[in-house]
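Working notes, beginning with the structure itself.
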Amino acid sequence: MPSFKIDLSTAVVFVATAPTPKLVSKQTGERAMDRETGAGLSTVGLLISDDGEGNLYQVTVPETGLPEGLTPGSPVSVIGLKARDWENTFNGQARHGISFRAVAVTALGA
């Protein structure tokens with residue numbers, strides 16, 4: 001499926017929820033891994049504010065692209081943010097949505 005780059009050049013971005021490991025299965029605890037690099041994947045909640053509107057996004061990031069100590073309220077920069085639509089069927093119900101993935105999230109300021 002195609003993905004689309006998201007321009008954050010005029011946005012202000014803050015950590016809303018600290019990174020947590022992304023799981024393939026909650027039952028087994030198996031962690032999701034990046035198919036290209038083999039790095040473990042994490043999910044971080046980001047508040048992105050632009051043009052008078054703020055939204056919360058759950059963004060998947062490889063652990064190699066996350067610095068230590070990202071805490072809620074921290075201003076950050078997001079590198080390589082992309083959106084991709086998805087669709088699947090679970091228990092006979094069709095589901096769809098948009099997933100967000102970034103190459104890295106970096107802390108701003110001291």
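Identifiers for the structure tokens are assigned positionally: chains receive A, B, ... in sequence, residues are indexed from 1 per chain, and ligands are indexed from 1 in the order shown.
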
(request) Would you kindly return, as a PyMOL selection string, each protein, DNA or RNA residue with an atom no farther than 12 Å from any atom of Leu108 (chain A), considering only C-alpha atoms and excluding same-chain residues fewer than 5 positions away? (result) chain A and resi 12-15+67+70+73-78

Limited to all heavy atoms, could you put the picked residues into a file as a compact mmCIF listing (two decimals), in the first residue's frame?
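Once everything was written out, this is result_29.txt:
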# COMPACT_ATOMS: atom_id res chain seq x y z
N VAL A 12 3.94 22.35 15.77
CA VAL A 12 4.57 22.21 17.08
C VAL A 12 4.18 20.83 17.58
O VAL A 12 3.01 20.46 17.54
CB VAL A 12 4.07 23.30 18.06
CG1 VAL A 12 4.66 23.11 19.43
CG2 VAL A 12 4.36 24.68 17.51
N VAL A 13 5.18 20.04 18.03
CA VAL A 13 4.93 18.66 18.41
C VAL A 13 5.41 18.41 19.84
O VAL A 13 6.54 18.79 20.20
CB VAL A 13 5.64 17.68 17.44
CG1 VAL A 13 5.29 16.24 17.78
CG2 VAL A 13 5.27 17.99 15.99
N PHE A 14 4.57 17.78 20.65
CA PHE A 14 4.89 17.41 22.03
C PHE A 14 4.61 15.93 22.24
O PHE A 14 3.71 15.37 21.62
CB PHE A 14 4.02 18.20 23.02
CG PHE A 14 4.30 19.67 23.04
CD1 PHE A 14 3.54 20.53 22.28
CD2 PHE A 14 5.31 20.18 23.82
CE1 PHE A 14 3.79 21.89 22.29
CE2 PHE A 14 5.57 21.55 23.84
CZ PHE A 14 4.80 22.40 23.07
N VAL A 15 5.36 15.32 23.15
CA VAL A 15 5.08 13.95 23.55
C VAL A 15 3.82 13.96 24.41
O VAL A 15 3.73 14.72 25.38
CB VAL A 15 6.26 13.34 24.35
CG1 VAL A 15 5.90 11.97 24.89
CG2 VAL A 15 7.50 13.28 23.48
N PRO A 67 15.18 8.64 21.51
CA PRO A 67 16.15 8.92 22.57
C PRO A 67 15.61 8.45 23.93
O PRO A 67 14.40 8.27 24.09
CB PRO A 67 16.29 10.44 22.53
CG PRO A 67 14.97 10.91 22.03
CD PRO A 67 14.49 9.84 21.07
N LEU A 70 12.15 10.32 26.84
CA LEU A 70 11.03 11.10 26.30
C LEU A 70 9.86 11.01 27.29
O LEU A 70 9.39 9.92 27.59
CB LEU A 70 10.58 10.55 24.95
CG LEU A 70 11.43 10.87 23.74
CD1 LEU A 70 10.80 10.29 22.48
CD2 LEU A 70 11.63 12.37 23.58
N GLY A 73 4.82 15.93 27.57
CA GLY A 73 5.03 17.37 27.63
C GLY A 73 6.32 17.83 26.97
O GLY A 73 6.51 19.02 26.76
N SER A 74 7.21 16.89 26.65
CA SER A 74 8.49 17.25 26.03
C SER A 74 8.28 17.69 24.58
O SER A 74 7.62 16.99 23.82
CB SER A 74 9.44 16.05 26.02
OG SER A 74 9.68 15.58 27.30
N PRO A 75 8.86 18.83 24.18
CA PRO A 75 8.79 19.22 22.78
C PRO A 75 9.75 18.34 21.97
O PRO A 75 10.86 18.05 22.42
CB PRO A 75 9.24 20.68 22.78
CG PRO A 75 10.06 20.82 24.01
CD PRO A 75 9.53 19.83 25.00
N VAL A 76 9.30 17.92 20.80
CA VAL A 76 10.10 17.02 19.96
C VAL A 76 10.03 17.43 18.50
O VAL A 76 9.16 18.19 18.09
CB VAL A 76 9.65 15.55 20.10
CG1 VAL A 76 9.94 15.01 21.49
CG2 VAL A 76 8.19 15.38 19.75
N SER A 77 10.95 16.87 17.74
CA SER A 77 10.94 16.97 16.29
C SER A 77 10.73 15.56 15.76
O SER A 77 11.27 14.60 16.31
CB SER A 77 12.28 17.53 15.81
OG SER A 77 12.34 17.54 14.40
N VAL A 78 9.95 15.44 14.70
CA VAL A 78 9.65 14.14 14.12
C VAL A 78 10.29 14.06 12.74
O VAL A 78 10.10 14.95 11.91
CB VAL A 78 8.13 13.90 14.01
CG1 VAL A 78 7.83 12.53 13.46
CG2 VAL A 78 7.46 14.09 15.37

(request) For region 4-9 of chain A, list every protein, DNA or RNA residue within 10 Å, evaluated using only C-alpha atoms, and leave out those in the same chain fewer than 3 positions away; present the list as number ranges by chain. (result) A: 12-13, 48-50, 77-85, 100-102

(request) From the DSSP assignment of the backbone, select every residue of chain A that is strand (DSSP E or B), and format the answer as a PyMOL selection string. (result) chain A and resi 3-5+12-21+23+31+33+40-50+53-62+75-79+82-90+93-101+104-107

(request) Find the residues near Leu23 (chain A): any atom within 10 Å, counting only C-alpha atoms, skip ones fewer than 3 places away on the same chain, and give them as a VMD selection string. (result) chain A and resid 20 26 to 33 40 to 43

Emit the selected residues as a compact mmCIF listing (two decimals), in the first residue's frame, including N, CA, C and O atoms.
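part.txt was written with the following content:
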# COMPACT_ATOMS: atom_id res chain seq x y z
N THR A 20 6.16 3.04 24.26
CA THR A 20 5.95 1.70 24.79
C THR A 20 6.22 0.70 23.67
O THR A 20 5.98 1.01 22.49
N LYS A 26 -0.70 -9.49 22.07
CA LYS A 26 -0.76 -9.22 23.50
C LYS A 26 -0.72 -10.52 24.30
O LYS A 26 -0.23 -10.55 25.42
N GLN A 27 -1.24 -11.59 23.71
CA GLN A 27 -1.28 -12.88 24.41
C GLN A 27 0.11 -13.47 24.60
O GLN A 27 0.42 -14.01 25.66
N THR A 28 0.97 -13.37 23.59
CA THR A 28 2.30 -13.96 23.68
C THR A 28 3.35 -12.95 24.15
O THR A 28 4.43 -13.34 24.58
N GLY A 29 3.05 -11.66 24.02
CA GLY A 29 4.01 -10.62 24.37
C GLY A 29 5.09 -10.42 23.32
O GLY A 29 6.06 -9.71 23.55
N GLU A 30 4.91 -11.03 22.13
CA GLU A 30 5.89 -10.90 21.06
C GLU A 30 5.95 -9.45 20.58
O GLU A 30 4.93 -8.85 20.24
N ARG A 31 7.16 -8.92 20.53
CA ARG A 31 7.36 -7.53 20.11
C ARG A 31 7.41 -7.43 18.59
O ARG A 31 8.01 -8.26 17.92
N ALA A 32 6.83 -6.37 18.06
CA ALA A 32 6.89 -6.10 16.63
C ALA A 32 8.29 -5.61 16.28
O ALA A 32 8.91 -4.85 17.03
N MET A 33 8.78 -6.07 15.14
CA MET A 33 10.12 -5.73 14.69
C MET A 33 10.06 -5.07 13.31
O MET A 33 9.21 -5.41 12.50
N GLY A 40 13.53 -3.33 17.21
CA GLY A 40 12.23 -3.38 17.87
C GLY A 40 11.45 -2.10 17.61
O GLY A 40 12.04 -1.02 17.47
N LEU A 41 10.12 -2.22 17.53
CA LEU A 41 9.27 -1.06 17.29
C LEU A 41 8.58 -0.63 18.57
O LEU A 41 8.24 -1.46 19.42
N SER A 42 8.41 0.67 18.71
CA SER A 42 7.69 1.25 19.84
C SER A 42 6.61 2.18 19.31
O SER A 42 6.67 2.64 18.17
N THR A 43 5.65 2.48 20.18
CA THR A 43 4.59 3.42 19.84
C THR A 43 4.67 4.58 20.82
O THR A 43 4.80 4.37 22.02

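When CA of Leu56 (chain A) is paired with CA of Ala16 (chain A), their separation reads 7.5 Å.
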
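Residue nearest Ser3 (chain A) within the list A:Glu68, A:Glu36, A:Ser99, A:Gly92: A:Ser99 [criterion: smallest interatomic distance, only C-alpha atoms].
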
(request) Rank A:Pro72, A:Pro21, A:Thr60, A:Ala39 by their smallest atom-to-atom distance to Ile98 (chain A), using only C-alpha atoms, and report the top residue only. (result) A:Thr60

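Note that the spacing between CA of Gly97 (chain A) and CA of Gly69 (chain A) amounts to 29.7 Å.
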